[in-house]
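Note: the block below is my_file_28.txt and it holds compact mmCIF, C-alpha atoms.
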# COMPACT_ATOMS: atom_id res chain seq x y z
CA MET B 910 296.08 -99.47 207.35
CA PRO B 911 298.76 -98.40 204.82
CA ILE B 912 297.35 -96.91 201.68
CA SER B 913 299.23 -99.38 199.51
CA ASN B 914 296.91 -102.07 200.85
CA GLN B 915 293.91 -100.05 199.73
CA ILE B 916 294.73 -98.53 196.35
CA PRO B 917 297.74 -98.14 194.05
CA SER B 918 300.09 -95.28 194.88
CA GLN B 919 299.08 -92.17 192.96
CA LYS B 920 300.27 -88.61 192.66
CA ALA B 921 298.53 -85.52 191.33
CA SER B 922 300.19 -82.39 190.00
CA LEU B 923 298.85 -78.86 190.33
CA SER B 924 299.87 -76.40 187.62
CA THR B 925 299.26 -72.70 187.08
CA GLN B 926 298.49 -72.76 183.38
CA THR B 927 295.93 -70.11 182.57
CA PRO B 928 292.97 -71.02 180.35
CA SER B 929 293.77 -70.65 176.68
CA SER B 930 290.25 -69.63 175.71
CA SER B 931 289.26 -66.03 175.12
CA PRO B 932 289.06 -63.85 178.25
CA LYS B 933 285.78 -63.92 180.14
CA GLN B 934 284.67 -61.95 183.14
CA THR B 935 284.06 -65.12 185.10
CA SER B 936 285.40 -68.63 184.74
CA LEU B 937 284.52 -71.82 186.57
CA PHE B 938 287.66 -73.30 188.09
CA PRO B 939 287.79 -76.70 189.76
CA PHE B 940 288.92 -75.48 193.15
CA VAL B 941 289.40 -72.42 195.32
CA PHE B 942 292.05 -72.44 198.05
CA TYR B 943 291.57 -70.54 201.29
CA ILE B 944 294.84 -70.26 203.20
CA ARG B 945 295.30 -69.03 206.76
CA SER B 946 298.47 -67.25 207.85
CA HIS B 947 299.39 -67.85 211.49
CA THR B 948 301.91 -65.02 211.46
CA SER B 949 299.51 -62.17 210.76
CA SER B 950 296.13 -63.83 211.42
CA SER B 951 295.08 -62.48 208.03
CA PHE B 952 293.53 -64.49 205.25
CA HIS B 953 294.81 -65.26 201.77
CA THR B 954 293.42 -66.80 198.62
CA CYS B 955 294.61 -68.19 195.32
CA CYS B 956 292.78 -70.01 192.58
CA CYS B 957 294.02 -73.03 190.68
CA PRO B 958 292.59 -73.68 187.20
CA HIS B 959 293.94 -77.20 186.81
CA LEU B 960 294.23 -80.17 189.13
CA PRO B 961 294.44 -83.52 187.33
CA PHE B 962 293.35 -86.32 189.60
CA PRO B 963 293.28 -90.03 188.74
CA PRO B 964 289.78 -91.48 188.42
CA PRO B 965 287.75 -93.01 189.94
CA LEU B 966 288.87 -91.23 193.12
CA GLN B 967 286.81 -88.11 193.84
CA PRO B 968 287.80 -86.91 197.31
CA SER B 969 285.40 -84.59 199.08
CA ILE B 970 288.08 -83.14 201.36
CA PHE B 971 291.58 -81.89 200.61
CA LEU B 972 294.22 -80.73 203.04
CA PHE B 973 297.43 -78.95 202.17
CA THR B 974 300.21 -76.78 203.53
CA ILE B 975 301.43 -73.79 201.57
CA ALA B 976 303.57 -70.68 202.02
CA ARG B 977 301.84 -67.36 202.56
CA SER B 978 300.83 -65.16 199.63
CA THR B 979 300.43 -61.40 199.90
CA VAL B 980 296.81 -60.84 198.93
CA PRO B 981 294.27 -60.77 201.79
CA ILE B 982 290.65 -61.90 201.80
CA PRO B 983 288.29 -61.52 204.75
CA THR B 984 287.27 -65.07 205.57
CA ILE B 985 288.24 -68.70 205.81
CA THR B 986 286.04 -71.73 205.41
CA SER B 987 285.51 -74.00 208.38
CA GLY B 988 283.57 -77.07 209.35
CA VAL B 989 284.21 -78.89 206.08
CA GLY B 990 283.82 -82.63 206.53
CA ASN B 991 285.33 -83.99 209.72
CA ILE B 992 288.94 -82.84 209.52
CA ASP B 993 290.27 -81.72 212.91
CA LYS B 994 291.49 -78.36 211.64
CA GLU B 995 293.08 -77.15 214.90
CA ARG B 996 295.08 -80.35 215.26
CA GLU B 997 296.21 -80.27 211.63
CA GLU B 998 297.30 -76.62 211.89
CA LYS B 999 299.24 -77.39 215.07
CA GLU B 1000 301.02 -80.30 213.39
CA HIS B 1001 301.56 -78.94 209.90
CA GLY B 1002 301.41 -75.13 210.04
CA ASP B 1003 299.24 -73.07 207.69
CA VAL B 1004 296.33 -75.17 206.53
CA GLY B 1005 293.76 -74.48 203.84
CA LEU B 1006 290.70 -76.25 202.52
CA LEU B 1007 289.79 -76.88 198.91
CA LEU B 1008 286.27 -76.02 197.85
CA PHE B 1009 284.52 -77.52 194.86
CA PRO B 1010 283.51 -75.52 191.74
CA VAL B 1011 282.78 -71.88 192.47
CA PRO B 1012 282.47 -69.09 189.84
CA VAL B 1013 285.64 -67.04 190.24
CA PRO B 1014 286.62 -63.86 188.32
CA VAL B 1015 289.64 -64.62 186.13
CA PRO B 1016 291.78 -61.79 187.61
CA ARG B 1017 291.66 -63.54 190.97
CA LEU B 1018 294.44 -65.78 189.62
CA LEU B 1019 296.88 -64.18 191.98
CA LYS B 1020 300.52 -63.38 191.47
CA HIS B 1021 301.96 -65.66 194.11
CA MET B 1022 300.94 -69.15 193.04
CA ALA B 1023 303.20 -72.16 193.09
CA THR B 1024 304.26 -73.59 189.76
CA SER B 1025 303.44 -77.05 191.01
CA LEU B 1026 302.31 -78.91 194.09
CA SER B 1027 302.76 -82.64 194.50
CA PHE B 1028 300.09 -84.42 196.49
CA SER B 1029 300.12 -87.97 197.77
CA ILE B 1030 296.89 -89.74 198.54
CA CYS B 1031 296.33 -90.94 202.08
CA PRO B 1032 293.19 -92.37 203.70
CA ALA B 1033 291.18 -90.00 205.87
CA SER B 1034 288.05 -91.70 207.15
CA THR B 1035 285.03 -93.54 205.86
CA ALA B 1036 283.03 -90.32 206.12
CA SER B 1037 285.43 -88.15 204.15
CA GLY B 1038 286.83 -90.65 201.68
CA PHE B 1039 290.39 -89.62 200.95
CA ARG B 1040 292.64 -86.75 201.87
CA LEU B 1041 295.56 -85.19 200.02
CA ARG B 1042 298.61 -83.78 201.76
CA ALA B 1043 301.13 -81.53 200.01
CA SER B 1044 304.59 -83.06 199.96
CA THR B 1045 306.56 -80.56 197.89
CA MET B 1046 306.11 -77.09 196.50
CA ALA B 1047 308.02 -75.29 193.78
CA MET B 1048 309.10 -71.66 193.79
CA ALA B 1049 306.44 -69.00 193.21
CA THR B 1050 305.71 -67.64 189.78
CA THR B 1051 303.66 -64.82 188.32
CA VAL B 1052 300.30 -65.40 186.68
CA THR B 1053 298.94 -62.65 184.46
CA ALA B 1054 295.17 -62.41 184.15
CA PRO B 1055 293.54 -61.46 180.85
CA SER B 1056 293.01 -57.72 180.60
CA THR B 1057 289.46 -56.40 180.57
CA LYS B 1058 288.48 -53.08 179.03
CA VAL B 1059 286.92 -50.84 181.66
CA ALA B 1060 284.45 -48.19 180.53
CA PRO B 1061 285.32 -44.67 181.75
CA ALA B 1062 283.12 -43.08 184.40
CA VAL B 1063 282.61 -39.92 186.39
CA ILE B 1064 283.38 -40.63 190.05
CA VAL B 1065 281.84 -38.32 192.63
CA GLY B 1066 283.71 -38.46 195.92
CA GLY B 1067 287.42 -38.86 196.53
CA GLY B 1068 287.24 -41.05 199.62
CA ARG B 1069 288.30 -44.67 200.02
CA VAL B 1070 285.69 -46.18 197.69
CA GLY B 1071 285.86 -43.42 195.10
CA ARG B 1072 289.65 -43.60 194.86
CA ALA B 1073 289.54 -47.39 194.73
CA LEU B 1074 287.09 -47.31 191.82
CA LYS B 1075 289.32 -44.81 190.02
CA ASP B 1076 292.34 -47.06 190.53
CA MET B 1077 290.36 -49.87 188.89
CA GLY B 1078 289.85 -47.76 185.77
CA SER B 1079 291.95 -47.32 182.66
CA GLY B 1080 293.02 -43.74 183.37
CA GLN B 1081 290.07 -42.12 181.59
CA ASP B 1082 287.84 -41.56 184.63
CA LEU B 1083 286.96 -38.09 185.87
CA LEU B 1084 287.05 -37.57 189.64
CA VAL B 1085 284.62 -34.92 190.92
CA CYS B 1086 285.29 -33.64 194.43
CA ARG B 1087 283.16 -31.73 196.94
CA GLY B 1088 281.67 -28.55 195.50
CA GLU B 1089 282.44 -29.43 191.87
CA SER B 1090 279.76 -29.97 189.24
CA VAL B 1091 279.20 -33.14 187.27
CA PRO B 1092 279.95 -32.41 183.58
CA LEU B 1093 277.16 -32.62 181.04
CA ASN B 1094 279.32 -33.81 178.15
CA PHE B 1095 280.95 -36.87 179.76
CA ASP B 1096 279.13 -39.99 178.59
CA GLY B 1097 278.88 -43.02 180.82
CA PRO B 1098 277.97 -43.84 184.41
CA ILE B 1099 278.37 -41.47 187.34
CA PHE B 1100 279.55 -43.35 190.43
CA VAL B 1101 278.32 -41.58 193.57
CA CYS B 1102 280.66 -42.48 196.45
CA THR B 1103 279.79 -39.87 199.06
CA ARG B 1104 278.16 -39.99 202.47
CA ASN B 1105 274.38 -40.33 202.41
CA ASP B 1106 273.92 -36.85 203.85
CA ASP B 1107 275.78 -35.38 200.86
CA LEU B 1108 273.41 -36.88 198.28
CA GLU B 1109 271.25 -33.78 198.09
CA SER B 1110 274.20 -31.60 197.09
CA VAL B 1111 275.38 -34.23 194.60
CA LEU B 1112 271.98 -34.16 192.92
CA GLN B 1113 272.03 -30.36 192.79
CA SER B 1114 275.47 -30.46 191.17
CA THR B 1115 274.33 -32.93 188.50
CA PRO B 1116 272.42 -31.82 185.38
CA PRO B 1117 268.90 -33.34 185.54
CA SER B 1118 269.49 -34.93 182.13
CA ARG B 1119 272.26 -37.01 183.73
CA TRP B 1120 270.32 -38.22 186.79
CA ALA B 1121 269.53 -41.53 185.09
CA ASP B 1122 273.29 -42.19 184.90
CA LEU B 1123 273.87 -41.83 188.64
CA VAL B 1124 275.05 -45.05 190.31
CA PHE B 1125 274.64 -44.98 194.08
CA PHE B 1126 277.17 -46.89 196.23
CA GLN B 1127 275.63 -45.89 199.57
CA ASN B 1128 274.57 -48.19 202.40
CA GLY B 1129 271.27 -47.88 204.20
CA MET B 1130 267.64 -47.35 203.30
CA MET B 1131 267.75 -45.34 200.08
CA GLU B 1132 264.22 -46.02 198.80
CA PRO B 1133 262.33 -43.09 200.41
CA TRP B 1134 264.91 -40.54 199.26
CA LEU B 1135 265.16 -41.97 195.74
CA GLU B 1136 261.38 -42.05 195.38
CA SER B 1137 261.12 -38.44 196.54
CA LYS B 1138 263.45 -37.47 193.67
CA GLY B 1139 261.68 -39.56 191.05
CA LEU B 1140 264.58 -42.03 190.95
CA GLU B 1141 262.73 -45.23 191.82
CA ASP B 1142 264.73 -47.19 189.23
CA ALA B 1143 268.10 -45.63 190.01
CA ASN B 1144 271.30 -47.60 189.54
CA GLN B 1145 272.52 -48.98 192.86
CA VAL B 1146 275.42 -51.06 194.16
CA LEU B 1147 275.64 -53.09 197.35
CA ALA B 1148 279.37 -52.93 197.93
CA TYR B 1149 280.63 -55.72 200.17
CA PHE B 1150 284.29 -55.11 199.38
CA ALA B 1151 286.27 -53.26 202.03
CA VAL B 1152 288.89 -50.54 201.57
CA SER B 1153 290.79 -49.96 204.81
CA LYS B 1154 292.27 -46.64 203.71
CA ILE B 1155 292.85 -44.58 200.57
CA GLY B 1156 295.26 -46.34 198.25
CA GLU B 1157 294.81 -49.79 199.79
CA THR B 1158 293.73 -52.74 197.64
CA PRO B 1159 290.03 -53.56 198.16
CA VAL B 1160 289.28 -56.83 199.95
CA ASP B 1161 286.35 -58.81 198.58
CA GLY B 1162 283.37 -59.73 200.75
CA LEU B 1163 283.61 -63.50 200.50
CA THR B 1164 282.03 -65.56 203.26
CA ASP B 1165 281.78 -69.23 204.10
CA THR B 1166 278.11 -69.21 203.09
CA ASN B 1167 278.66 -67.10 199.96
CA PRO B 1168 282.15 -67.87 198.60
CA GLU B 1169 281.05 -66.49 195.23
CA GLY B 1170 280.87 -63.00 196.77
CA LEU B 1171 278.08 -60.72 197.97
CA THR B 1172 278.56 -57.47 196.05
CA ALA B 1173 275.60 -56.81 193.75
CA ALA B 1174 274.51 -54.17 191.24
CA TYR B 1175 271.19 -53.14 189.73
CA GLY B 1176 270.20 -50.82 186.88
CA LYS B 1177 271.22 -49.97 183.35
CA TRP B 1178 274.87 -49.52 184.36
CA ALA B 1179 275.03 -52.69 186.49
CA SER B 1180 277.01 -54.71 183.95
CA VAL B 1181 279.53 -51.88 183.57
CA VAL B 1182 280.01 -51.77 187.34
CA ALA B 1183 280.42 -55.55 187.43
CA ALA B 1184 282.99 -55.46 184.62
CA ARG B 1185 285.08 -52.87 186.47
CA LEU B 1186 285.00 -54.81 189.73
CA ASN B 1187 285.67 -58.14 188.00
CA ALA B 1188 288.67 -56.64 186.22
CA ALA B 1189 290.07 -55.76 189.65
CA GLY B 1190 289.53 -59.29 190.92
CA LEU B 1191 286.38 -58.48 192.87
CA SER B 1192 283.06 -60.27 192.61
CA CYS B 1193 279.83 -58.56 191.55
CA ARG B 1194 276.45 -60.02 190.63
CA VAL B 1195 274.01 -58.24 188.33
CA LEU B 1196 270.50 -58.56 189.78
CA ASP B 1197 266.99 -57.59 188.76
CA LYS B 1198 265.10 -55.13 190.95
CA GLU B 1199 263.28 -57.69 193.11
CA ALA B 1200 266.41 -59.71 193.86
CA PHE B 1201 268.42 -56.56 194.51
CA GLN B 1202 265.78 -55.22 196.88
CA LYS B 1203 265.96 -58.40 198.96
CA GLN B 1204 269.74 -58.15 199.14
CA MET B 1205 269.52 -54.47 200.04
CA PHE B 1206 267.17 -55.18 202.94
CA GLU B 1207 269.38 -58.03 204.16
CA LYS B 1208 272.34 -55.68 204.34
CA LEU B 1209 270.18 -53.04 206.05
CA ILE B 1210 269.06 -55.61 208.63
CA TRP B 1211 272.67 -56.65 209.14
CA ILE B 1212 274.03 -53.16 209.72
CA CYS B 1213 271.12 -52.09 211.94
CA SER B 1214 271.16 -55.21 214.11
CA VAL B 1215 274.92 -55.73 214.46
CA MET B 1216 275.64 -52.07 215.15
CA LEU B 1217 272.85 -51.73 217.71
CA VAL B 1218 273.81 -54.87 219.62
CA GLY B 1219 277.45 -53.83 219.57
CA ALA B 1220 276.64 -50.30 220.73
CA ARG B 1221 274.73 -51.51 223.78
CA HIS B 1222 277.82 -53.49 224.79
CA GLY B 1223 280.26 -50.61 224.65
CA GLY B 1224 281.00 -50.60 220.93
CA VAL B 1225 282.60 -54.04 220.76
CA SER B 1226 283.79 -55.34 217.41
CA VAL B 1227 281.49 -56.95 214.86
CA GLY B 1228 283.20 -60.26 215.54
CA ALA B 1229 282.50 -59.98 219.26
CA VAL B 1230 278.82 -59.32 218.55
CA GLU B 1231 278.58 -62.48 216.44
CA LYS B 1232 280.58 -64.62 218.87
CA ASP B 1233 279.64 -63.33 222.33
CA PHE B 1234 276.18 -61.85 221.84
CA ARG B 1235 274.78 -64.18 219.20
CA SER B 1236 271.48 -64.68 221.03
CA GLU B 1237 270.72 -60.95 221.09
CA LEU B 1238 271.81 -60.61 217.48
CA SER B 1239 269.63 -63.52 216.41
CA ARG B 1240 266.55 -62.08 218.13
CA LEU B 1241 267.03 -58.67 216.55
CA ILE B 1242 267.69 -60.05 213.06
CA THR B 1243 264.51 -62.12 213.29
CA GLU B 1244 262.50 -59.13 214.48
CA LEU B 1245 263.73 -56.72 211.81
CA ALA B 1246 263.35 -59.31 209.05
CA SER B 1247 259.75 -59.97 210.10
CA ALA B 1248 258.95 -56.25 210.18
CA THR B 1249 260.52 -55.75 206.75
CA ALA B 1250 258.67 -58.69 205.22
CA SER B 1251 255.36 -57.41 206.57
CA GLU B 1252 255.92 -53.81 205.47
CA LYS B 1253 257.32 -54.51 201.99
CA GLY B 1254 255.68 -57.85 201.15
CA ILE B 1255 259.06 -59.52 200.76
CA THR B 1256 259.78 -63.21 201.22
CA PHE B 1257 263.41 -63.62 202.20
CA GLU B 1258 265.47 -66.66 201.32
CA GLU B 1259 265.99 -69.17 204.12
CA ALA B 1260 269.01 -69.06 206.44
CA MET B 1261 269.29 -65.26 206.56
CA GLU B 1262 270.77 -65.34 210.05
CA GLU B 1263 273.52 -67.72 208.93
CA ARG B 1264 274.37 -65.48 205.96
CA LEU B 1265 274.51 -62.33 208.07
CA CYS B 1266 276.57 -63.98 210.79
CA ALA B 1267 278.95 -65.32 208.15
CA TYR B 1268 279.46 -61.77 206.88
CA SER B 1269 280.02 -60.62 210.46
CA ARG B 1270 282.86 -63.12 210.75
CA ALA B 1271 284.31 -61.84 207.48
CA VAL B 1272 284.51 -58.27 208.84
CA ALA B 1273 285.06 -59.24 212.47
CA HIS B 1274 287.51 -56.39 213.10
CA PHE B 1275 285.01 -53.64 212.23
CA PRO B 1276 283.95 -51.46 215.20
CA THR B 1277 280.26 -50.99 216.05
CA ALA B 1278 278.24 -47.81 216.53
CA VAL B 1279 274.79 -46.60 215.56
CA LYS B 1280 275.48 -44.06 212.81
CA GLU B 1281 273.52 -42.30 210.07
CA PHE B 1282 270.32 -43.00 211.99
CA LYS B 1283 268.09 -41.43 209.35
CA TRP B 1284 269.39 -43.84 206.70
CA ARG B 1285 269.65 -46.98 208.81
CA ASN B 1286 267.87 -47.71 212.09
CA GLY B 1287 265.62 -44.72 211.49
CA TRP B 1288 263.59 -46.64 208.92
CA PHE B 1289 262.71 -49.39 211.42
CA HIS B 1290 261.94 -46.75 214.05
CA SER B 1291 259.54 -45.11 211.59
CA LEU B 1292 257.66 -48.43 211.33
CA SER B 1293 257.30 -48.43 215.11
CA GLU B 1294 256.08 -44.83 215.13
CA LYS B 1295 253.56 -45.55 212.38
CA ALA B 1296 252.18 -48.55 214.26
CA SER B 1297 251.88 -46.50 217.45
CA ALA B 1298 249.99 -43.73 215.66
CA GLN B 1299 247.57 -46.34 214.30
CA GLY B 1300 247.10 -47.98 217.68
CA LYS B 1301 248.84 -51.17 216.55
CA PRO B 1302 251.53 -53.24 218.30
CA ASP B 1303 255.13 -52.21 217.73
CA PRO B 1304 256.56 -54.44 214.95
CA CYS B 1305 260.08 -53.84 216.34
CA PRO B 1306 259.72 -53.83 220.16
CA LEU B 1307 263.26 -55.01 220.91
CA HIS B 1308 264.72 -52.50 218.47
CA SER B 1309 262.68 -49.70 220.07
CA GLN B 1310 263.67 -50.74 223.60
CA TRP B 1311 267.38 -50.81 222.84
CA LEU B 1312 267.28 -47.48 221.01
CA LYS B 1313 265.71 -45.95 224.12
CA GLU B 1314 268.29 -47.61 226.37
CA LEU B 1315 271.02 -45.87 224.39
CA ARG B 1316 269.02 -42.61 224.35
CA ILE B 1317 269.08 -42.53 220.57
CA VAL B 1318 265.32 -41.87 220.48
Structure re-expressed in structure tokens:
Amino acid sequence: MPISNQIPSQKASLSTQTPSSSPKQTSLFPFVFYIRSHTSSSFHTCCCPHLPFPPPLQPSIFLFTIARSTVPIPTITSGVGNIDKEREEKEHGDVGLLLFPVPVPVPRLLKHMATSLSFSICPASTASGFRLRASTMAMATTVTAPSTKVAPAVIVGGGRVGRALKDMGSGQDLLVCRGESVPLNFDGPIFVCTRNDDLESVLQSTPPSRWADLVFFQNGMMEPWLESKGLEDANQVLAYFAVSKIGETPVDGLTDTNPEGLTAAYGKWASVVAARLNAAGLSCRVLDKEAFQKQMFEKLIWICSVMLVGARHGGVSVGAVEKDFRSELSRLITELASATASEKGITFEEAMEERLCAYSRAVAHFPTAVKEFKWRNGWFHSLSEKASAQGKPDPCPLHSQWLKELRIV
């Protein structure tokens, strides 16, 4: 039935006016656009702070077509409402979905936004209410995000992450490379961006009076090593942003289950880390120790399960593990989560498997291999060895079996 028989004709305009209030690290915008590019199969995002829409209509689903931007993100939402996304993309080209309020760092107002988009209302279905289709789009413009002062830091390690953190700074950071000592007279945090096996030498090169300022960006099970050094409350960061190579712009770890981002920080320098990442348009949550510990174990379970399943299938990509070997992945995630909960007395939030699989889709191109065994799968293997020595059942039987299959243990 024509829409004119249902409601009066209406149009909504989308503008790129930035908020006039004082700069904040995070603002709540009405919508976040996720846009897929057919040409490169990459993903793009832009945020729109203002979308006037005539009441009382409050559509739950929006559909639009837009030209590609140049800033990639690692995921796209799917399964929203009952829109046939494949059909719409085939008919109308690049298609994106609008999400409802999500906390978004102000600098994520990207450079390639349209000055205006005109939408006309058309009926979708009784389940989804109404749908908006873009009819025109103006030329692109530049949006400048409010500047944020970034505190200077010592950065240990000149690899991809270390260089990226330095590029996020204000030019006052000090980069410390392999074999160099951390200065005593440089106030502020010390970002440690080295391989896990280099941590011992980093500690030896750092004055003991500065150990409390160390901020560890490493993956894996850090607790035993930190405790052995008296650093139980050390600053830590779970970095979910990806840097493909030195000099490349970091890509945030946004997923369809966590569009607000997954990167998290803990410790006295956590807010400083978050401010630096936010200023670069990346998400970062500041967590207390208990919440951070849960997130740390979730990432450990993800990397140990996905990499092991992928390795036993010839080193297929992370995306292939999630898509083609989901059953194996699910069993291993469940097993490792149960063993962790029993050993550490942790109660994980529900839907862990969905969160970890969503992240797998976000980094689908990553290769798989069991690496840094001591810092990753080695911790779960130690639980199995401890149980065996005590005459108890193996808490990780599947994990143990597959490690033996690959002759890792």
- Item | Shell of 12 Å around region 1155-1157 of chain B, all atoms listed in the file, local chain residues under 5 positions omitted, as a list in words |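 Contacts, with the query itself left out: Val980, Pro981, Gly1066, Gly1067, Gly1068, Arg1069, Val1070, Gly1071, Arg1072, Ala1073, Leu1074, Lys1075, Asp1076, Met1077 and Phe1150 of chain B.
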- May I ask for the distance between CA of Leu1186 (chain B) and CA of Gly1162 (chain B), given in Å to one decimal place? 12.2 Å
- Select all residues near (267.5, -50.8, 222.8) (cut-off 12 Å, inclusive, file coordinates), counting all atoms listed in the file, and output them as a count of residues only. 29
- Message: Can you pull out the residues contacting Ser1079 (chain B)? Cut-off 8 Å, using only C-alpha atoms, and skip same-chain residues under 2 positions away; I want them as a PyMOL selection string.
- Response: chain B and resi 1058-1061+1076-1077+1081-1082
- Atomic separation - CA of Pro1304 (chain B) relative to CA of Ile1255 (chain B), Å: 15.3 Å
Rebuild region 1139-1156 of chain B so that it carries N, CA and C atoms, then output the result as a PDB file, in the coordinates of the input.
ATOM      1  N   GLY B1139     262.093 -38.947 192.306  1.00  0.00           N
ATOM      2  CA  GLY B1139     261.680 -39.560 191.050  1.00  0.00           C
ATOM      3  C   GLY B1139     262.706 -40.528 190.497  1.00  0.00           C
ATOM      4  N   LEU B1140     263.502 -41.122 191.376  1.00  0.00           N
ATOM      5  CA  LEU B1140     264.580 -42.030 190.950  1.00  0.00           C
ATOM      6  C   LEU B1140     264.326 -43.452 191.444  1.00  0.00           C
ATOM      7  N   GLU B1141     263.088 -43.897 191.326  1.00  0.00           N
ATOM      8  CA  GLU B1141     262.730 -45.230 191.820  1.00  0.00           C
ATOM      9  C   GLU B1141     263.561 -46.341 191.189  1.00  0.00           C
ATOM     10  N   ASP B1142     263.960 -46.164 189.937  1.00  0.00           N
ATOM     11  CA  ASP B1142     264.730 -47.190 189.230  1.00  0.00           C
ATOM     12  C   ASP B1142     266.203 -46.822 189.107  1.00  0.00           C
ATOM     13  N   ALA B1143     266.699 -46.068 190.061  1.00  0.00           N
ATOM     14  CA  ALA B1143     268.100 -45.630 190.010  1.00  0.00           C
ATOM     15  C   ALA B1143     269.067 -46.801 190.072  1.00  0.00           C
ATOM     16  N   ASN B1144     270.222 -46.614 189.463  1.00  0.00           N
ATOM     17  CA  ASN B1144     271.300 -47.600 189.540  1.00  0.00           C
ATOM     18  C   ASN B1144     271.838 -47.643 190.972  1.00  0.00           C
ATOM     19  N   GLN B1145     271.991 -48.844 191.508  1.00  0.00           N
ATOM     20  CA  GLN B1145     272.520 -48.980 192.860  1.00  0.00           C
ATOM     21  C   GLN B1145     273.517 -50.132 192.950  1.00  0.00           C
ATOM     22  N   VAL B1146     274.421 -50.012 193.910  1.00  0.00           N
ATOM     23  CA  VAL B1146     275.420 -51.060 194.160  1.00  0.00           C
ATOM     24  C   VAL B1146     275.463 -51.356 195.647  1.00  0.00           C
ATOM     25  N   LEU B1147     275.392 -52.634 195.981  1.00  0.00           N
ATOM     26  CA  LEU B1147     275.640 -53.090 197.350  1.00  0.00           C
ATOM     27  C   LEU B1147     277.095 -53.522 197.400  1.00  0.00           C
ATOM     28  N   ALA B1148     277.935 -52.664 197.937  1.00  0.00           N
ATOM     29  CA  ALA B1148     279.370 -52.930 197.930  1.00  0.00           C
ATOM     30  C   ALA B1148     279.781 -53.675 199.200  1.00  0.00           C
ATOM     31  N   TYR B1149     280.159 -54.922 199.039  1.00  0.00           N
ATOM     32  CA  TYR B1149     280.630 -55.720 200.170  1.00  0.00           C
ATOM     33  C   TYR B1149     282.148 -55.803 200.219  1.00  0.00           C
ATOM     34  N   PHE B1150     282.831 -55.135 199.290  1.00  0.00           N
ATOM     35  CA  PHE B1150     284.290 -55.110 199.380  1.00  0.00           C
ATOM     36  C   PHE B1150     284.696 -54.004 200.354  1.00  0.00           C
ATOM     37  N   ALA B1151     285.810 -54.214 201.012  1.00  0.00           N
ATOM     38  CA  ALA B1151     286.270 -53.260 202.030  1.00  0.00           C
ATOM     39  C   ALA B1151     287.569 -52.607 201.593  1.00  0.00           C
ATOM     40  N   VAL B1152     287.666 -51.299 201.843  1.00  0.00           N
ATOM     41  CA  VAL B1152     288.890 -50.540 201.570  1.00  0.00           C
ATOM     42  C   VAL B1152     289.320 -49.916 202.887  1.00  0.00           C
ATOM     43  N   SER B1153     290.389 -50.405 203.471  1.00  0.00           N
ATOM     44  CA  SER B1153     290.790 -49.960 204.810  1.00  0.00           C
ATOM     45  C   SER B1153     291.209 -48.500 204.846  1.00  0.00           C
ATOM     46  N   LYS B1154     291.890 -48.050 203.803  1.00  0.00           N
ATOM     47  CA  LYS B1154     292.270 -46.640 203.710  1.00  0.00           C
ATOM     48  C   LYS B1154     292.566 -46.316 202.257  1.00  0.00           C
ATOM     49  N   ILE B1155     292.610 -45.022 201.948  1.00  0.00           N
ATOM     50  CA  ILE B1155     292.850 -44.580 200.570  1.00  0.00           C
ATOM     51  C   ILE B1155     294.160 -45.167 200.054  1.00  0.00           C
ATOM     52  N   GLY B1156     294.075 -45.761 198.869  1.00  0.00           N
ATOM     53  CA  GLY B1156     295.260 -46.340 198.250  1.00  0.00           C
ATOM     54  C   GLY B1156     295.439 -47.822 198.501  1.00  0.00           C
TER      55      GLY B1156
END
